[in-house]
Amino acid sequence: MNITIRPESNNEYTITEDIIKEAFLYEEYSDKSEHLLVKKIRKSDAFIPQLSLVALTEEGNIIGHVLLSKIKIVDGNNEVDSLALAPVSVSPHYQKKGIGRQLIQAAIKKAKELGYRSVIVLGHKDYYPKFGFKQAHLWNIQAPFDVADEQFMALEITENGLKNVEGIVRYSKPFLE
């Protein structure tokens, strides 16, 4: 499917939130509040406008969204900047067409261009490894809450982006509210 991916603009926030809500409506492992998380992240210091991307049809309709936001990996007094991938959303009518994959790849590429070195995701154990994500515990990186190792993953977006990095992920405040 031929789509365009570009940064989200302020006047598209409501449309994007509707897409996110629709995308997670029937997801078994969703608390149905992903659109509220995005709204809160946009108002926080964790928000990076260049890493909030939308997918558009040839007609210009928004059909998907991905967000990478600032997090830290903390080990005692050492803090390393990283990014959280959450959420990625595609309108149900357009799912299973590779749009989520294109959004994730575009976001990772842009993050690398902006100088970020890694991305953390809590997600499906069979989906995210397709992008190179590996279990975060391989770097001794842990979630701040109980989660299965196979669902908590990290990705080096630069060579050795997580070399000598370990600790507990500190999510931004919107994730904790």
# chains A, B, ... in the order shown; residues from 1 in each chain; ligands from 1
>>> select_by_dssp(residues="segment 20-162 of chain A", states="strand (DSSP E or B)", output="ChimeraX atom specification")
/A:52-56,62-75,78-90,118-122,134-135,141-142,152-156
>>> select_by_dssp(residues="segment 21-156 of chain A", states="alpha helix (DSSP H)", output="list in words")
Lys21, Glu22, Ala23, Phe24, Glu34, His35, Leu36, Leu37, Val38, Lys39, Lys40, Ile41, Arg42, Ile99, Gly100, Arg101, Gln102, Leu103, Ile104, Gln105, Ala106, Ala107, Ile108, Lys109, Lys110, Ala111, Lys112 and Glu113 of chain A
>>> write_last_selection(atoms="N, CA, C and O atoms", output="mmCIF file, in the first residue's frame")
data_model
loop_
_atom_site.group_PDB
_atom_site.id
_atom_site.type_symbol
_atom_site.label_atom_id
_atom_site.label_comp_id
_atom_site.auth_asym_id
_atom_site.auth_seq_id
_atom_site.Cartn_x
_atom_site.Cartn_y
_atom_site.Cartn_z
ATOM 1 N N LYS A 21 -7.402 5.348 19.523
ATOM 2 C CA LYS A 21 -8.523 4.755 20.255
ATOM 3 C C LYS A 21 -9.135 3.600 19.450
ATOM 4 O O LYS A 21 -9.377 2.514 19.978
ATOM 5 N N GLU A 22 -9.362 3.847 18.178
ATOM 6 C CA GLU A 22 -9.953 2.849 17.287
ATOM 7 C C GLU A 22 -9.032 1.627 17.146
ATOM 8 O O GLU A 22 -9.493 0.483 17.168
ATOM 9 N N ALA A 23 -7.728 1.866 17.029
ATOM 10 C CA ALA A 23 -6.769 0.776 16.827
ATOM 11 C C ALA A 23 -6.719 -0.180 18.010
ATOM 12 O O ALA A 23 -6.502 -1.383 17.831
ATOM 13 N N PHE A 24 -6.918 0.339 19.223
ATOM 14 C CA PHE A 24 -6.802 -0.495 20.410
ATOM 15 C C PHE A 24 -8.145 -0.955 20.964
ATOM 16 O O PHE A 24 -8.184 -1.674 21.966
ATOM 17 N N GLU A 34 -4.515 4.248 25.577
ATOM 18 C CA GLU A 34 -3.313 4.631 24.827
ATOM 19 C C GLU A 34 -3.412 6.049 24.262
ATOM 20 O O GLU A 34 -2.424 6.784 24.259
ATOM 21 N N HIS A 35 -4.606 6.440 23.827
ATOM 22 C CA HIS A 35 -4.787 7.796 23.280
ATOM 23 C C HIS A 35 -4.565 8.853 24.359
ATOM 24 O O HIS A 35 -4.041 9.937 24.084
ATOM 25 N N LEU A 36 -4.922 8.522 25.601
ATOM 26 C CA LEU A 36 -4.697 9.454 26.714
ATOM 27 C C LEU A 36 -3.218 9.544 27.057
ATOM 28 O O LEU A 36 -2.719 10.621 27.397
ATOM 29 N N LEU A 37 -2.512 8.425 26.946
ATOM 30 C CA LEU A 37 -1.072 8.425 27.172
ATOM 31 C C LEU A 37 -0.391 9.358 26.171
ATOM 32 O O LEU A 37 0.445 10.189 26.550
ATOM 33 N N VAL A 38 -0.751 9.255 24.907
ATOM 34 C CA VAL A 38 -0.169 10.118 23.872
ATOM 35 C C VAL A 38 -0.464 11.579 24.180
ATOM 36 O O VAL A 38 0.426 12.440 24.087
ATOM 37 N N LYS A 39 -1.671 11.861 24.564
ATOM 38 C CA LYS A 39 -2.064 13.237 24.902
ATOM 39 C C LYS A 39 -1.199 13.784 26.040
ATOM 40 O O LYS A 39 -0.727 14.928 25.989
ATOM 41 N N LYS A 40 -0.970 12.965 27.073
ATOM 42 C CA LYS A 40 -0.148 13.383 28.213
ATOM 43 C C LYS A 40 1.320 13.548 27.812
ATOM 44 O O LYS A 40 1.991 14.486 28.267
ATOM 45 N N ILE A 41 1.822 12.631 26.997
ATOM 46 C CA ILE A 41 3.226 12.733 26.565
ATOM 47 C C ILE A 41 3.443 14.022 25.789
ATOM 48 O O ILE A 41 4.458 14.700 25.979
ATOM 49 N N ARG A 42 2.503 14.375 24.931
ATOM 50 C CA ARG A 42 2.640 15.615 24.136
ATOM 51 C C ARG A 42 2.808 16.846 25.020
ATOM 52 O O ARG A 42 3.408 17.822 24.602
ATOM 53 N N ILE A 99 1.730 -1.213 7.416
ATOM 54 C CA ILE A 99 1.792 0.211 7.773
ATOM 55 C C ILE A 99 2.468 0.410 9.127
ATOM 56 O O ILE A 99 3.299 1.313 9.279
ATOM 57 N N GLY A 100 2.157 -0.438 10.088
ATOM 58 C CA GLY A 100 2.822 -0.362 11.385
ATOM 59 C C GLY A 100 4.324 -0.544 11.233
ATOM 60 O O GLY A 100 5.119 0.184 11.835
ATOM 61 N N ARG A 101 4.720 -1.498 10.401
ATOM 62 C CA ARG A 101 6.140 -1.741 10.142
ATOM 63 C C ARG A 101 6.803 -0.488 9.561
ATOM 64 O O ARG A 101 7.879 -0.072 10.011
ATOM 65 N N GLN A 102 6.150 0.130 8.581
ATOM 66 C CA GLN A 102 6.708 1.334 7.962
ATOM 67 C C GLN A 102 6.807 2.485 8.967
ATOM 68 O O GLN A 102 7.784 3.235 8.959
ATOM 69 N N LEU A 103 5.809 2.618 9.820
ATOM 70 C CA LEU A 103 5.849 3.670 10.845
ATOM 71 C C LEU A 103 7.008 3.453 11.818
ATOM 72 O O LEU A 103 7.755 4.388 12.128
ATOM 73 N N ILE A 104 7.170 2.227 12.277
ATOM 74 C CA ILE A 104 8.243 1.914 13.224
ATOM 75 C C ILE A 104 9.599 2.157 12.570
ATOM 76 O O ILE A 104 10.487 2.787 13.163
ATOM 77 N N GLN A 105 9.775 1.684 11.350
ATOM 78 C CA GLN A 105 11.056 1.879 10.660
ATOM 79 C C GLN A 105 11.352 3.358 10.450
ATOM 80 O O GLN A 105 12.495 3.794 10.640
ATOM 81 N N ALA A 106 10.353 4.136 10.089
ATOM 82 C CA ALA A 106 10.554 5.580 9.881
ATOM 83 C C ALA A 106 10.918 6.269 11.190
ATOM 84 O O ALA A 106 11.796 7.149 11.221
ATOM 85 N N ALA A 107 10.260 5.880 12.276
ATOM 86 C CA ALA A 107 10.538 6.491 13.579
ATOM 87 C C ALA A 107 11.956 6.157 14.044
ATOM 88 O O ALA A 107 12.674 7.029 14.551
ATOM 89 N N ILE A 108 12.369 4.921 13.867
ATOM 90 C CA ILE A 108 13.717 4.508 14.270
ATOM 91 C C ILE A 108 14.757 5.254 13.430
ATOM 92 O O ILE A 108 15.764 5.740 13.963
ATOM 93 N N LYS A 109 14.516 5.361 12.146
ATOM 94 C CA LYS A 109 15.445 6.076 11.259
ATOM 95 C C LYS A 109 15.584 7.540 11.699
ATOM 96 O O LYS A 109 16.689 8.077 11.795
ATOM 97 N N LYS A 110 14.460 8.181 11.972
ATOM 98 C CA LYS A 110 14.487 9.586 12.395
ATOM 99 C C LYS A 110 15.177 9.730 13.750
ATOM 100 O O LYS A 110 15.942 10.681 13.963
ATOM 101 N N ALA A 111 14.937 8.810 14.672
ATOM 102 C CA ALA A 111 15.582 8.852 15.986
ATOM 103 C C ALA A 111 17.098 8.771 15.837
ATOM 104 O O ALA A 111 17.841 9.493 16.509
ATOM 105 N N LYS A 112 17.547 7.909 14.939
ATOM 106 C CA LYS A 112 18.984 7.781 14.687
ATOM 107 C C LYS A 112 19.539 9.094 14.131
ATOM 108 O O LYS A 112 20.594 9.559 14.562
ATOM 109 N N GLU A 113 18.813 9.702 13.197
ATOM 110 C CA GLU A 113 19.233 10.996 12.631
ATOM 111 C C GLU A 113 19.338 12.070 13.707
ATOM 112 O O GLU A 113 20.181 12.957 13.624
#
>>> closest_residue(among="A:Gly115, A:Gly76, A:Gly123, A:Gly167", to="Ile141 of chain A", atoms="only C-alpha atoms")
A:Gly167
>>> atom_distance(atom1="atom CA of Thr158 of chain A", atom2="atom CA of Ser89 of chain A")
25.0 Å
>>> residues_around(residues="Ala86 of chain A", least_positions_apart="6", cutoff="8 Å", atoms="only C-alpha atoms", output="PyMOL selection string")
chain A and resi 66-69+121
>>> residues_around(residues="Val169 of chain A", least_positions_apart="4", cutoff="8 Å", atoms="only C-alpha atoms", output="list in words")
Ile71, Lys72, Ile73, Val74, Ile141, Gln142, Ala143 and Pro144 of chain A
>>> write_last_selection(atoms="N, CA, C and O atoms", output="compact mmCIF listing (two decimals), in the first residue's frame")
# COMPACT_ATOMS: atom_id res chain seq x y z
N ILE A 71 13.04 8.62 27.55
CA ILE A 71 13.12 7.89 28.81
C ILE A 71 14.59 7.88 29.22
O ILE A 71 15.46 8.32 28.46
N LYS A 72 14.86 7.32 30.38
CA LYS A 72 16.25 7.17 30.84
C LYS A 72 16.44 5.74 31.31
O LYS A 72 15.50 5.09 31.77
N ILE A 73 17.69 5.29 31.20
CA ILE A 73 18.09 4.02 31.78
C ILE A 73 19.01 4.40 32.93
O ILE A 73 20.03 5.07 32.72
N VAL A 74 18.62 4.03 34.14
CA VAL A 74 19.30 4.52 35.34
C VAL A 74 19.97 3.37 36.09
O VAL A 74 19.35 2.34 36.36
N ILE A 141 19.24 -4.58 31.35
CA ILE A 141 18.28 -3.46 31.43
C ILE A 141 16.96 -4.06 31.89
O ILE A 141 16.48 -5.03 31.31
N GLN A 142 16.39 -3.46 32.94
CA GLN A 142 15.16 -3.99 33.51
C GLN A 142 14.03 -2.97 33.45
O GLN A 142 14.26 -1.76 33.47
N ALA A 143 12.83 -3.48 33.44
CA ALA A 143 11.64 -2.65 33.54
C ALA A 143 11.47 -2.24 35.00
O ALA A 143 11.91 -2.95 35.90
N PRO A 144 10.79 -1.13 35.24
CA PRO A 144 10.53 -0.70 36.62
C PRO A 144 9.34 -1.40 37.25
O PRO A 144 8.90 -1.04 38.33
>>> closest_residue(among="A:Trp139, A:Tyr13, A:Tyr127, A:Tyr171", to="Gln151 of chain A", atoms="only C-alpha atoms")
A:Tyr127
>>> residues_around(residues="Glu12 of chain A", least_positions_apart="4", cutoff="12 Å", atoms="only C-alpha atoms", output="number ranges by chain")
A: 6-8, 16-19, 39, 52-56, 60-65
>>> closest_residue(among="A:Ser30, A:Ser118, A:Asn2, A:Thr14", to="Met153 of chain A", atoms="only C-alpha atoms")
A:Ser118
>>> atom_distance(atom1="atom CA of Ala148 of chain A", atom2="atom CA of Val80 of chain A")
22.9 Å
>>> closest_residue(among="A:Gln135, A:Lys125, A:Val119, A:Ser172", to="Glu156 of chain A", atoms="only C-alpha atoms")
A:Val119
>>> atom_distance(atom1="atom CA of Thr57 of chain A", atom2="atom CA of Val88 of chain A")
16.7 Å
